[in-house]
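Notes follow the structure.
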Protein chains: 2
Amino acid sequence: MASQGFWSLGAENGGDRGDQSPITARAWCQAAAQKFTGGIGSKLCALLNVGEVEKSADGAEKQDTESCNCSTKPCNCSKSHLGFSELYSTDLLPALDGDLKTMTFLQEVVDILLAYIVESFDRSTKVIDFHYPNELLQRNNWELSDEPETLDDILISCRATLKYAIKTAHPRYFNQLSTGLDMVGLAADWLTSTANTNMFTYEVAPVFVLLEYVTLKKMREIIGWENGRGDGIFSPGGAISNMYAMLLARYKMFPEVKEKGMSSVPKLVAFTSENSHFSIKKGAAALGIGTESVICIKADERGKLIPSDLERRIVEAKQKGYVPFFVSATAGTTVYGAFDPLIAISDICKKYNIWMHVDGAWGGSLLMSRKHRWKLNGVERANSMTWNPHKMMAVPLQCSALLVREEGLMQSCNQMQACYLFQQDKHYDLSYDTGDKALQCGRHVDIFKLWLMWRAKGTIGFEAQIDKCLELSEYLYNKIKDREGYEMVFDGKPQHTNVCFWYLPPGLRYMEDKVEKMKRLHKVAPTIKARMMEYGTTMVSYQPQGDKVNFFRMVISNPAATFEDIDFLIEEIERLGQDL
Amino acid sequence: MASQGFWSLGAENGGDRGDQSPITARAWCQAAAQKFTGGIGSKLCALLNVGEVEKSADGAEKQDTESCNCSTKPCNCSKSHLGFSELYSTDLLPALDGDLKTMTFLQEVVDILLAYIVESFDRSTKVIDFHYPNELLQRNNWELSDEPETLDDILISCRATLKYAIKTAHPRYFNQLSTGLDMVGLAADWLTSTANTNMFTYEVAPVFVLLEYVTLKKMREIIGWENGRGDGIFSPGGAISNMYAMLLARYKMFPEVKEKGMSSVPKLVAFTSENSHFSIKKGAAALGIGTESVICIKADERGKLIPSDLERRIVEAKQKGYVPFFVSATAGTTVYGAFDPLIAISDICKKYNIWMHVDGAWGGSLLMSRKHRWKLNGVERANSMTWNPHKMMAVPLQCSALLVREEGLMQSCNQMQACYLFQQDKHYDLSYDTGDKALQCGRHVDIFKLWLMWRAKGTIGFEAQIDKCLELSEYLYNKIKDREGYEMVFDGKPQHTNVCFWYLPPGLRYMEDKVEKMKRLHKVAPTIKARMMEYGTTMVSYQPQGDKVNFFRMVISNPAATFEDIDFLIEEIERLGQDL
């Protein structure tokens, strides 16, 4: 034997498949029985058929416990032998003797997850083990059948799932606006799953409802609304948060729309930058407003909405007899990371009495940084704001907040007063039953991971994390702006972490035929991206925009990324693209 | 020392607060280093500053590892000492030497969760340690501050959160349609959190996208759609699934509504039972249709929609020049658990060319039971169906599916073709990028817990679980239908697990003054419920309906419940209510 410690014994019986870990189970539960005082401790002792264990640190009634000392593993101790290949989910809790098996099974899953986590942060591992859909379908049996599988098979499925997953925690994963994996956030999400409850009433989620209240108030204070007053909700993503804002704006202007629908109101029009997120149009389509009633305002070369164009289009719409009801300014556009000029926009909204929404799904988190929050100056004048902590603050997915300045509006806009859920004769303060202001009925607990991370980092911890990402993006910008083979999509230092650029392989750099050059350049980013995924070394996004052919959009929200990872990205693009 | 095993050593240093567990960390990581072959194993060895450990089970290069044998705990081994009271989240991964600390921290959290889980299933523990909102706010410091807290404080927050949480896994928790905690589902949810990705593209969620495809197809086969063809999506809850259905129905009849909005279409009307879920009206309000355009159809005394009334109201609406576009039948109403007659409804929908939706959020899972699925006969004729596995199948929250018969409709209804997310020149089959058919942009991974549970139980396992819940509710019904002091809200055996009844305390049973009797009876259920929560012994829902005063609505979806728990509920109602 190489070492003492009972985990090593488990390792001999099945290696990292972990399908048999008899000693692990027994010894782990013995220990657990000692850690957990009271009922559970005694219960575990009984399960293990061992002697009375020490009750607490106070030293009372200490007796020896019996343990398995067999030299042959797996041994035949009836209580300690847990072969997952012979057990099924029906052997776990709530089965009568399910405690020990459950704890052992869950511990086994946790071991798989911990290994995956450590591996994910290791730069020598792949970001992705890529396979084409048809191939991936064939590499494993993913089908559902009538018959149950053993717990051993379940563990194998867990491993297979992770084997082909994207390592979103990997320091070189830059593909989306949401990257990275926060350890406290993860712990909080595990706890949330374990608590397995629903946000609609205080009755079933007392702590989480209070934490949502505390956190939304804090976020409103940071926006700059007086004493943090106002309203808000955590919703399943920025698109839904934006849709809420549009719904509230419409209701605020025409409350009769709730009962009578759009046929009772004049033709409404909304305004947003041509570079805004597609969810504004999606929301308009869903709400019966129609995508044609979303008027796209011109953006400047940096991607910021041009206020004079906004005012011109508002006037134009009014002249046609339309009613402008909603302006969605973007704080941090998806591709360029541009911040619309909020003060100028708010002046226009005030002048024409239009609801001002700020879509800060991506850029809103910059409010946490004393260095960068000026980019959102004017946000305190908005009527509502979308802010996704799951993006730039790296809270696990999903965590999106809609903040609303006016109190009570969400409730009157959305409430249906279902008496089977929001009973009016409950014995506690009903203002904590927040479910009726939501579009959803059941609502997932998205608050705890943000709250716990905030406690762990403090506001200054989030600030440091955000500042670092912006520093990295400036480093990238400085590195490539004059480098041979690179061309920036727009001039000047990025405002957010978005760095947009073309990489021109040597063969394209001096090509005279502009049409052919663009045609070929359009294919460069997709090809490099496909190769990145096949090698599994890094992932970064690309897209065309307007008349611009495909370019890379590098974004940094991953707290694990370092200067060296930026260097690596550049080297990798050049390695994979030089022959194109 | 009472026993060997390193957990016990940790227990002496801080007891169940677990703020110091030096040996645990060290020994646990040593063992982990041996379990995980390859890079991580070596890395952990390096962290621990121990010798080369055995690489695998194949026996090559086994050397002894060094371990901590100090007799005084905590010892002073520099590498093994991990005091969470001096560590912060910044010490965890991606910190340079964060591996060991991270694994120890997460393991500590898991210990807290495992203890909570075992406790939750223990009938001798409380379902809830109830406190009024203001009191709960004061019992702990829940505030967010600028400064970070130590990992020790974070663990304390985790414990406090669980202390005041509802134990939704408790065998006597009957409060909602979603109860219980499935161990495989929980494991799957922990894995989902760890994978921390987004459903919108195959690129970032290859496995989960395939599993959604496989599972939706299976669900459509069970509905009875030919070869499982059709479409669908997992959405954040039944209310959103129902809203999707209404959106699709409108688009199917008037595709121009997407661009031109409701002003381009005639006045639309939708139909649903007066007992249907409030989300139908909520959806109509949001979509710009208006709640007044949702026509409520009469239900019979058992809560089932009356088809003749539906047809009458359709004809009436058409005569007024309105366009009927959507009928939502309910399979399992929220309060009575009634199943609308789907065949008769589908005949009417076919006759008048109206989209037929089935809201089976609650009752849809009965399709998994050969004994009970006849209650949904006719569902195969529907155009769409909502089915929430997080209710009757006890999948962790949230897990709601919308199934759609027509292929391609969701995509054309909702797509906005954002080129920065759904690039058309990717190197794989783009039909797996399902994000553009959703209303959401980012979408949480809700599929894995259902898929893994299905693998673990098989279809027959879900069937057994559902059949058992229905058997329990029949037991409850039989027990109270003729019992003194009970009155059933409707006659006859329940169709679902909903048992609706009044409990009349002795003082009310023979009261002559009917008005006074009803007035007092109206207060009985709320008072008993408040007492249940204060004692923490059980939780069950109540509500009034129409002209009926408050009655209990018992529902059983909790796989942990037994006949004894039903007996207990009755005894508890009588104990807490006899003096009223």
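Ordered as shown in the structure tokens, chains take letters A, B, and onward, while each chain numbers its residues from 1 and ligands are numbered from 1 in the order shown.
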Check your understanding: Skipping near chain neighbours, those fewer than 5 positions away, what residues fall within 8 Å of stretch 563-572 of chain A using only C-alpha atoms, listed as a VMD selection string?
Key -> chain A and resid 171 to 172 472 475 to 476 538
Export of prior selection with N, CA and C atoms as a tab-separated table (two decimals), in the first residue's frame:
chain	number	residue	atom	x	y	z
A	171	PRO	N	-9.30	29.05	-18.12
A	171	PRO	CA	-8.80	30.43	-18.26
A	171	PRO	C	-8.74	30.93	-19.71
A	172	ARG	N	-8.87	30.01	-20.65
A	172	ARG	CA	-8.80	30.42	-22.06
A	172	ARG	C	-10.14	30.28	-22.77
A	472	LEU	N	-7.05	43.75	-18.79
A	472	LEU	CA	-6.63	42.72	-19.74
A	472	LEU	C	-7.04	43.09	-21.16
A	475	TYR	N	-4.81	45.65	-22.49
A	475	TYR	CA	-3.53	45.00	-22.83
A	475	TYR	C	-3.62	44.36	-24.22
A	476	LEU	N	-4.72	43.67	-24.45
A	476	LEU	CA	-4.92	43.04	-25.76
A	476	LEU	C	-4.97	44.09	-26.86
A	538	THR	N	-8.61	27.04	-27.16
A	538	THR	CA	-9.23	28.27	-26.69
A	538	THR	C	-10.52	28.46	-27.48
Could you pull the residues within 10 Å of B:Gln440, counting only C-alpha atoms, minus those fewer than 4 positions along the same chain, as a PDB file with N, CA and C atoms, in the first residue's frame?
ATOM      1  N   PRO A 236     -35.293  35.089 -15.604  1.00  0.00           N
ATOM      2  CA  PRO A 236     -34.458  34.104 -16.311  1.00  0.00           C
ATOM      3  C   PRO A 236     -33.747  34.694 -17.525  1.00  0.00           C
ATOM      4  N   GLY A 237     -32.889  35.659 -17.311  1.00  0.00           N
ATOM      5  CA  GLY A 237     -32.039  36.172 -18.380  1.00  0.00           C
ATOM      6  C   GLY A 237     -32.380  37.585 -18.828  1.00  0.00           C
ATOM      7  N   GLY A 238     -31.414  38.187 -19.483  1.00  0.00           N
ATOM      8  CA  GLY A 238     -31.533  39.575 -19.908  1.00  0.00           C
ATOM      9  C   GLY A 238     -32.657  39.820 -20.901  1.00  0.00           C
ATOM     10  N   ALA A 239     -32.924  38.849 -21.766  1.00  0.00           N
ATOM     11  CA  ALA A 239     -34.000  39.034 -22.751  1.00  0.00           C
ATOM     12  C   ALA A 239     -35.338  39.192 -22.040  1.00  0.00           C
ATOM     13  N   ILE A 240     -35.554  38.393 -21.025  1.00  0.00           N
ATOM     14  CA  ILE A 240     -36.809  38.484 -20.275  1.00  0.00           C
ATOM     15  C   ILE A 240     -36.832  39.769 -19.446  1.00  0.00           C
ATOM     16  N   SER A 241     -35.704  40.158 -18.877  1.00  0.00           N
ATOM     17  CA  SER A 241     -35.646  41.428 -18.141  1.00  0.00           C
ATOM     18  C   SER A 241     -36.009  42.590 -19.061  1.00  0.00           C
ATOM     19  N   MET A 243     -37.818  42.426 -21.720  1.00  0.00           N
ATOM     20  CA  MET A 243     -39.238  42.304 -22.055  1.00  0.00           C
ATOM     21  C   MET A 243     -40.114  42.854 -20.924  1.00  0.00           C
ATOM     22  N   SER A 279     -32.997  41.027 -28.283  1.00  0.00           N
ATOM     23  CA  SER A 279     -34.136  40.777 -27.402  1.00  0.00           C
ATOM     24  C   SER A 279     -35.135  41.929 -27.394  1.00  0.00           C
ATOM     25  N   LYS A 282     -37.336  40.984 -30.158  1.00  0.00           N
ATOM     26  CA  LYS A 282     -38.024  39.748 -29.786  1.00  0.00           C
ATOM     27  C   LYS A 282     -39.148  40.053 -28.807  1.00  0.00           C
ATOM     28  N   GLY A 283     -38.841  40.921 -27.861  1.00  0.00           N
ATOM     29  CA  GLY A 283     -39.846  41.334 -26.890  1.00  0.00           C
ATOM     30  C   GLY A 283     -41.019  42.021 -27.566  1.00  0.00           C
TER      31      GLY A 283
ATOM     32  N   PHE B 200     -28.080  28.028 -25.486  1.00  0.00           N
ATOM     33  CA  PHE B 200     -28.432  28.609 -26.791  1.00  0.00           C
ATOM     34  C   PHE B 200     -27.763  28.016 -28.020  1.00  0.00           C
ATOM     35  N   SER B 235     -38.512  25.517 -20.713  1.00  0.00           N
ATOM     36  CA  SER B 235     -38.664  26.933 -20.403  1.00  0.00           C
ATOM     37  C   SER B 235     -38.670  27.148 -18.897  1.00  0.00           C
ATOM     38  N   PRO B 236     -38.493  28.398 -18.461  1.00  0.00           N
ATOM     39  CA  PRO B 236     -38.471  28.640 -17.009  1.00  0.00           C
ATOM     40  C   PRO B 236     -39.856  28.626 -16.364  1.00  0.00           C
ATOM     41  N   ASN B 414     -40.173  32.968 -33.473  1.00  0.00           N
ATOM     42  CA  ASN B 414     -39.333  33.711 -32.526  1.00  0.00           C
ATOM     43  C   ASN B 414     -37.976  34.162 -33.044  1.00  0.00           C
ATOM     44  N   GLY B 435     -31.212  28.147 -29.872  1.00  0.00           N
ATOM     45  CA  GLY B 435     -31.490  29.349 -29.096  1.00  0.00           C
ATOM     46  C   GLY B 435     -32.447  30.325 -29.748  1.00  0.00           C
ATOM     47  N   ASP B 436     -32.477  30.345 -31.081  1.00  0.00           N
ATOM     48  CA  ASP B 436     -33.271  31.387 -31.731  1.00  0.00           C
ATOM     49  C   ASP B 436     -34.760  31.065 -31.729  1.00  0.00           C
ATOM     50  N   HIS B 444     -31.027  28.641 -19.070  1.00  0.00           N
ATOM     51  CA  HIS B 444     -30.442  27.745 -18.081  1.00  0.00           C
ATOM     52  C   HIS B 444     -30.583  26.288 -18.530  1.00  0.00           C
TER      53      HIS B 444
END
Exercise for review: Could you give me, as a PyMOL selection string, each residue of stretch 336-540 of chain A that DSSP assigns to alpha helix (DSSP H) when run on this structure's backbone?
Suggested key: chain A and resi 342-352+409-414+447-480+506-509+514-535
**Study point:** Residues within 7 Å of stretch 84-96 of chain A, only C-alpha atoms, excluding chain neighbours under 4 positions, as a list in words
**Key:** Asp19, Gln20, Lys101, Thr102, Glu149, Thr150, Leu151 and Asp152 of chain A; Phe121, Met183, Val184, Ala456, Lys457 and Ala560 of chain B
Check your understanding: What lies within 10 Å of stretch 506-519 of chain B using only C-alpha atoms, ignoring chain neighbours under 6 positions off, as a VMD selection string?
Key -> chain B and resid 484 to 486 548 to 550 574 577 to 580
Practice item. Just the strand (DSSP E) stuff from stretch 281-367 of chain A, please, per backbone DSSP, written as a PyMOL selection string. Key: chain A and resi 294-297+323-330+355-360
Residues of the last selection are to be written out with all heavy atoms, as a compact mmCIF listing (two decimals), in the first residue's frame.
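New file part_3.txt:
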# COMPACT_ATOMS: atom_id res chain seq x y z
N VAL A 294 -40.27 48.80 -33.69
CA VAL A 294 -39.00 49.09 -33.00
C VAL A 294 -38.13 49.85 -34.00
O VAL A 294 -37.70 49.29 -35.01
CB VAL A 294 -38.29 47.81 -32.54
CG1 VAL A 294 -36.95 48.16 -31.88
CG2 VAL A 294 -39.17 47.03 -31.58
N ILE A 295 -37.94 51.11 -33.73
CA ILE A 295 -37.20 51.94 -34.67
C ILE A 295 -35.72 51.95 -34.27
O ILE A 295 -35.38 52.27 -33.13
CB ILE A 295 -37.80 53.37 -34.68
CG1 ILE A 295 -39.25 53.25 -35.19
CG2 ILE A 295 -36.96 54.30 -35.55
CD1 ILE A 295 -40.02 54.55 -35.19
N CYS A 296 -34.90 51.53 -35.23
CA CYS A 296 -33.47 51.41 -34.93
C CYS A 296 -32.76 52.74 -35.19
O CYS A 296 -32.82 53.27 -36.30
CB CYS A 296 -32.84 50.31 -35.76
SG CYS A 296 -33.35 48.70 -35.16
N ILE A 297 -32.10 53.22 -34.18
CA ILE A 297 -31.42 54.50 -34.25
C ILE A 297 -29.96 54.28 -34.66
O ILE A 297 -29.33 53.33 -34.21
CB ILE A 297 -31.48 55.20 -32.87
CG1 ILE A 297 -32.93 55.28 -32.38
CG2 ILE A 297 -30.81 56.56 -32.91
CD1 ILE A 297 -33.86 56.01 -33.32
N VAL A 323 -47.25 56.72 -31.17
CA VAL A 323 -46.95 57.13 -29.80
C VAL A 323 -45.63 56.49 -29.33
O VAL A 323 -45.58 55.29 -29.06
CB VAL A 323 -48.10 56.74 -28.85
CG1 VAL A 323 -47.74 57.10 -27.41
CG2 VAL A 323 -49.38 57.43 -29.27
N PRO A 324 -44.58 57.30 -29.23
CA PRO A 324 -43.32 56.78 -28.69
C PRO A 324 -43.49 56.48 -27.20
O PRO A 324 -43.92 57.36 -26.45
CB PRO A 324 -42.33 57.93 -28.90
CG PRO A 324 -42.97 58.82 -29.92
CD PRO A 324 -44.45 58.70 -29.67
N PHE A 325 -43.21 55.26 -26.80
CA PHE A 325 -43.45 54.90 -25.39
C PHE A 325 -42.22 54.33 -24.69
O PHE A 325 -42.21 54.18 -23.47
CB PHE A 325 -44.61 53.89 -25.28
CG PHE A 325 -44.20 52.45 -25.58
CD1 PHE A 325 -44.12 51.49 -24.57
CD2 PHE A 325 -43.89 52.07 -26.88
CE1 PHE A 325 -43.72 50.18 -24.85
CE2 PHE A 325 -43.51 50.76 -27.17
CZ PHE A 325 -43.42 49.82 -26.15
N PHE A 326 -41.18 54.02 -25.45
CA PHE A 326 -40.08 53.24 -24.86
C PHE A 326 -38.79 53.51 -25.61
O PHE A 326 -38.74 53.39 -26.84
CB PHE A 326 -40.45 51.76 -24.96
CG PHE A 326 -39.49 50.79 -24.32
CD1 PHE A 326 -39.40 50.68 -22.94
CD2 PHE A 326 -38.70 49.96 -25.09
CE1 PHE A 326 -38.54 49.77 -22.34
CE2 PHE A 326 -37.83 49.03 -24.51
CZ PHE A 326 -37.77 48.94 -23.13
N VAL A 327 -37.76 53.89 -24.86
CA VAL A 327 -36.42 53.96 -25.44
C VAL A 327 -35.53 53.01 -24.66
O VAL A 327 -35.49 53.07 -23.42
CB VAL A 327 -35.84 55.40 -25.34
CG1 VAL A 327 -34.36 55.40 -25.74
CG2 VAL A 327 -36.61 56.35 -26.25
N SER A 328 -34.88 52.12 -25.37
CA SER A 328 -33.92 51.23 -24.69
C SER A 328 -32.51 51.63 -25.09
O SER A 328 -32.08 51.41 -26.22
CB SER A 328 -34.17 49.78 -25.07
OG SER A 328 -33.21 48.95 -24.43
N ALA A 329 -31.83 52.27 -24.15
CA ALA A 329 -30.42 52.59 -24.36
C ALA A 329 -29.60 51.38 -23.95
O ALA A 329 -30.02 50.60 -23.09
CB ALA A 329 -30.05 53.79 -23.50
N THR A 330 -28.46 51.20 -24.57
CA THR A 330 -27.64 50.04 -24.23
C THR A 330 -26.37 50.49 -23.51
O THR A 330 -25.67 51.38 -23.98
CB THR A 330 -27.26 49.26 -25.50
OG1 THR A 330 -28.44 49.06 -26.28
CG2 THR A 330 -26.66 47.91 -25.14
N TRP A 355 -40.62 56.44 -21.52
CA TRP A 355 -39.94 55.55 -20.57
C TRP A 355 -38.51 55.30 -21.04
O TRP A 355 -38.30 54.90 -22.18
CB TRP A 355 -40.70 54.24 -20.48
CG TRP A 355 -40.16 53.23 -19.51
CD1 TRP A 355 -39.02 52.48 -19.64
CD2 TRP A 355 -40.73 52.86 -18.25
NE1 TRP A 355 -38.87 51.66 -18.56
CE2 TRP A 355 -39.90 51.86 -17.68
CE3 TRP A 355 -41.88 53.25 -17.55
CZ2 TRP A 355 -40.17 51.26 -16.46
CZ3 TRP A 355 -42.15 52.64 -16.32
CH2 TRP A 355 -41.30 51.67 -15.78
N MET A 356 -37.56 55.51 -20.15
CA MET A 356 -36.16 55.24 -20.49
C MET A 356 -35.69 53.96 -19.81
O MET A 356 -35.64 53.88 -18.58
CB MET A 356 -35.26 56.40 -20.06
CG MET A 356 -33.78 56.11 -20.37
SD MET A 356 -32.75 57.49 -19.79
CE MET A 356 -31.10 56.79 -20.00
N HIS A 357 -35.35 53.01 -20.63
CA HIS A 357 -34.79 51.75 -20.12
C HIS A 357 -33.31 51.71 -20.48
O HIS A 357 -32.90 52.18 -21.54
CB HIS A 357 -35.53 50.58 -20.77
CG HIS A 357 -34.94 49.23 -20.43
ND1 HIS A 357 -34.90 48.73 -19.14
CD2 HIS A 357 -34.35 48.28 -21.21
CE1 HIS A 357 -34.34 47.54 -19.15
NE2 HIS A 357 -33.99 47.25 -20.39
N VAL A 358 -32.52 51.15 -19.57
CA VAL A 358 -31.10 50.93 -19.88
C VAL A 358 -30.85 49.42 -19.88
O VAL A 358 -31.03 48.76 -18.86
CB VAL A 358 -30.18 51.62 -18.85
CG1 VAL A 358 -28.72 51.25 -19.10
CG2 VAL A 358 -30.36 53.13 -18.92
N ASP A 359 -30.48 48.91 -21.05
CA ASP A 359 -30.11 47.51 -21.12
C ASP A 359 -28.63 47.40 -20.76
O ASP A 359 -27.75 47.53 -21.61
CB ASP A 359 -30.38 46.96 -22.53
CG ASP A 359 -29.90 45.51 -22.65
OD1 ASP A 359 -29.44 44.94 -21.65
OD2 ASP A 359 -29.99 44.94 -23.77
N GLY A 360 -28.41 47.15 -19.47
CA GLY A 360 -27.04 47.00 -18.98
C GLY A 360 -26.72 45.55 -18.69
O GLY A 360 -25.93 45.25 -17.80
Exercise for review: Find the residues around B:Ala317 up to 12 Å (only C-alpha atoms counted), leave out those fewer than 4 positions away in its own chain, and share them as an MDAnalysis selection string.
Suggested key: chainID B and resid 267:271 293:295 310:313 321:325 352
Take the selection from the previous step and output its residues with N, CA, C and O atoms, as a short mmCIF file (atom, residue, chain, number, x, y, z; two decimals), in the first residue's frame.
data_model
loop_
_atom_site.label_atom_id
_atom_site.label_comp_id
_atom_site.auth_asym_id
_atom_site.auth_seq_id
_atom_site.Cartn_x
_atom_site.Cartn_y
_atom_site.Cartn_z
N LYS B 267 -59.69 41.27 -33.72
CA LYS B 267 -59.73 41.04 -32.27
C LYS B 267 -59.72 39.54 -31.99
O LYS B 267 -60.65 38.81 -32.35
N LEU B 268 -58.67 39.11 -31.33
CA LEU B 268 -58.50 37.69 -31.02
C LEU B 268 -59.11 37.34 -29.66
O LEU B 268 -59.05 38.15 -28.74
N VAL B 269 -59.66 36.15 -29.58
CA VAL B 269 -60.13 35.69 -28.27
C VAL B 269 -59.63 34.27 -27.98
O VAL B 269 -59.51 33.44 -28.88
N ALA B 270 -59.32 34.04 -26.71
CA ALA B 270 -58.84 32.74 -26.24
C ALA B 270 -59.86 32.18 -25.24
O ALA B 270 -60.63 32.93 -24.64
N PHE B 271 -59.84 30.88 -25.06
CA PHE B 271 -60.81 30.22 -24.19
C PHE B 271 -60.10 29.27 -23.24
O PHE B 271 -59.20 28.53 -23.65
N SER B 293 -59.99 39.34 -23.23
CA SER B 293 -60.13 38.47 -24.40
C SER B 293 -59.90 37.00 -24.07
O SER B 293 -59.84 36.16 -24.96
N VAL B 294 -59.72 36.73 -22.81
CA VAL B 294 -59.67 35.34 -22.37
C VAL B 294 -61.05 35.01 -21.80
O VAL B 294 -61.45 35.52 -20.76
N ILE B 295 -61.76 34.18 -22.52
CA ILE B 295 -63.13 33.87 -22.12
C ILE B 295 -63.12 32.62 -21.25
O ILE B 295 -62.62 31.56 -21.65
N LEU B 310 -68.14 25.66 -23.96
CA LEU B 310 -67.04 26.13 -24.81
C LEU B 310 -67.55 26.44 -26.21
O LEU B 310 -67.32 27.52 -26.76
N GLU B 311 -68.30 25.50 -26.78
CA GLU B 311 -68.77 25.70 -28.15
C GLU B 311 -69.71 26.91 -28.23
O GLU B 311 -69.62 27.72 -29.15
N ARG B 312 -70.59 27.01 -27.24
CA ARG B 312 -71.52 28.13 -27.20
C ARG B 312 -70.77 29.47 -27.20
O ARG B 312 -71.10 30.39 -27.95
N ARG B 313 -69.71 29.55 -26.40
CA ARG B 313 -68.96 30.80 -26.28
C ARG B 313 -68.14 31.09 -27.54
O ARG B 313 -67.90 32.25 -27.89
N GLY B 321 -67.88 39.00 -34.20
CA GLY B 321 -66.79 39.40 -35.10
C GLY B 321 -65.41 39.16 -34.54
O GLY B 321 -64.40 39.57 -35.12
N TYR B 322 -65.34 38.50 -33.39
CA TYR B 322 -64.03 38.18 -32.83
C TYR B 322 -63.49 36.91 -33.48
O TYR B 322 -64.24 36.12 -34.04
N VAL B 323 -62.18 36.75 -33.37
CA VAL B 323 -61.55 35.56 -33.96
C VAL B 323 -61.01 34.65 -32.86
O VAL B 323 -60.01 34.95 -32.22
N PRO B 324 -61.68 33.53 -32.62
CA PRO B 324 -61.16 32.55 -31.65
C PRO B 324 -59.88 31.92 -32.20
O PRO B 324 -59.89 31.41 -33.33
N PHE B 325 -58.81 32.00 -31.44
CA PHE B 325 -57.52 31.49 -31.96
C PHE B 325 -56.87 30.46 -31.04
O PHE B 325 -55.93 29.78 -31.44
N TYR B 352 -63.80 24.39 -35.44
CA TYR B 352 -63.69 25.84 -35.61
C TYR B 352 -62.27 26.30 -35.95
O TYR B 352 -61.98 27.49 -35.93
#
Exercise for review: Can you work out which one of B:Phe208, B:Met539, B:Leu186, B:Leu191 has the shortest atom-to-atom distance to A:Tyr164, counting only C-alpha atoms?
Suggested key: B:Phe208
Check your understanding: What is the distance, in Å and to one decimal place, between atom CA of A:Lys260 and atom CA of B:Ser263?
Key ->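 Calculated distance between atom CA of A:Lys260 and atom CA of B:Ser263 is 12.6 Å.
Going from atom CA of A:Phe551 to atom CA of B:Ala438 covers 26.0 Å.
Proximity to B:Pro526 at 10 Å, evaluated using only C-alpha atoms and with sequence-adjacent residues fewer than 4 positions away removed, yields Gln423, Gln424, Asp425, Lys426 and His427 of chain A; Leu521, His522, Ala530, Arg531, Met532, Ser541, Tyr542, Gln543, Asn550, Phe551 and Phe552 of chain B.
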Point to revise | Spatial neighbours of B:Val209, 12 Å, only C-alpha atoms, chain gap at least 2 places, as number ranges by chain | key: A: 133, 136-137, 142, 161, 164-165; B: 197-207, 211-216, 233-234, 430-435, 443-448, 451
Writer output for current selection, C-alpha atoms, as a short mmCIF file (atom, residue, chain, number, x, y, z; two decimals), in the first residue's frame:
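Everything below was put into part-v8.cif:
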data_model
loop_
_atom_site.label_atom_id
_atom_site.label_comp_id
_atom_site.auth_asym_id
_atom_site.auth_seq_id
_atom_site.Cartn_x
_atom_site.Cartn_y
_atom_site.Cartn_z
CA PRO A 133 -23.39 16.33 -33.30
CA LEU A 136 -21.34 12.76 -30.30
CA LEU A 137 -24.72 11.04 -30.52
CA TRP A 142 -27.82 8.83 -24.54
CA THR A 161 -21.40 14.31 -19.82
CA TYR A 164 -17.75 16.29 -23.73
CA ALA A 165 -18.74 19.50 -21.94
CA THR B 197 -23.18 26.78 -19.44
CA ASN B 198 -25.99 28.03 -21.59
CA MET B 199 -28.44 26.22 -23.84
CA PHE B 200 -28.43 28.61 -26.79
CA THR B 201 -25.91 26.88 -29.01
CA TYR B 202 -24.42 23.43 -29.55
CA GLU B 203 -21.07 25.18 -29.46
CA VAL B 204 -21.27 25.87 -25.72
CA ALA B 205 -23.57 23.04 -24.59
CA PRO B 206 -23.03 20.10 -26.93
CA VAL B 207 -24.17 17.34 -24.59
CA LEU B 211 -30.02 15.47 -24.31
CA GLU B 212 -32.77 18.05 -24.72
CA TYR B 213 -33.32 16.74 -28.24
CA VAL B 214 -33.46 13.12 -27.06
CA THR B 215 -35.75 13.89 -24.11
CA LEU B 216 -38.21 16.11 -25.97
CA ILE B 233 -38.27 23.62 -25.53
CA PHE B 234 -37.56 23.61 -21.81
CA LEU B 430 -26.75 24.43 -37.26
CA SER B 431 -30.05 22.74 -36.54
CA TYR B 432 -28.60 22.08 -33.08
CA ASP B 433 -28.36 25.80 -32.32
CA THR B 434 -31.79 25.98 -30.79
CA GLY B 435 -31.49 29.35 -29.10
CA ARG B 443 -31.21 29.76 -21.21
CA HIS B 444 -30.44 27.74 -18.08
CA VAL B 445 -29.68 24.05 -18.46
CA ASP B 446 -32.82 22.41 -17.06
CA ILE B 447 -32.55 19.20 -19.02
CA PHE B 448 -29.80 17.27 -17.30
CA TRP B 451 -32.51 13.13 -18.26
#
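You will find atom CA of B:Arg575 at 27.1 Å from atom CA of B:His496.
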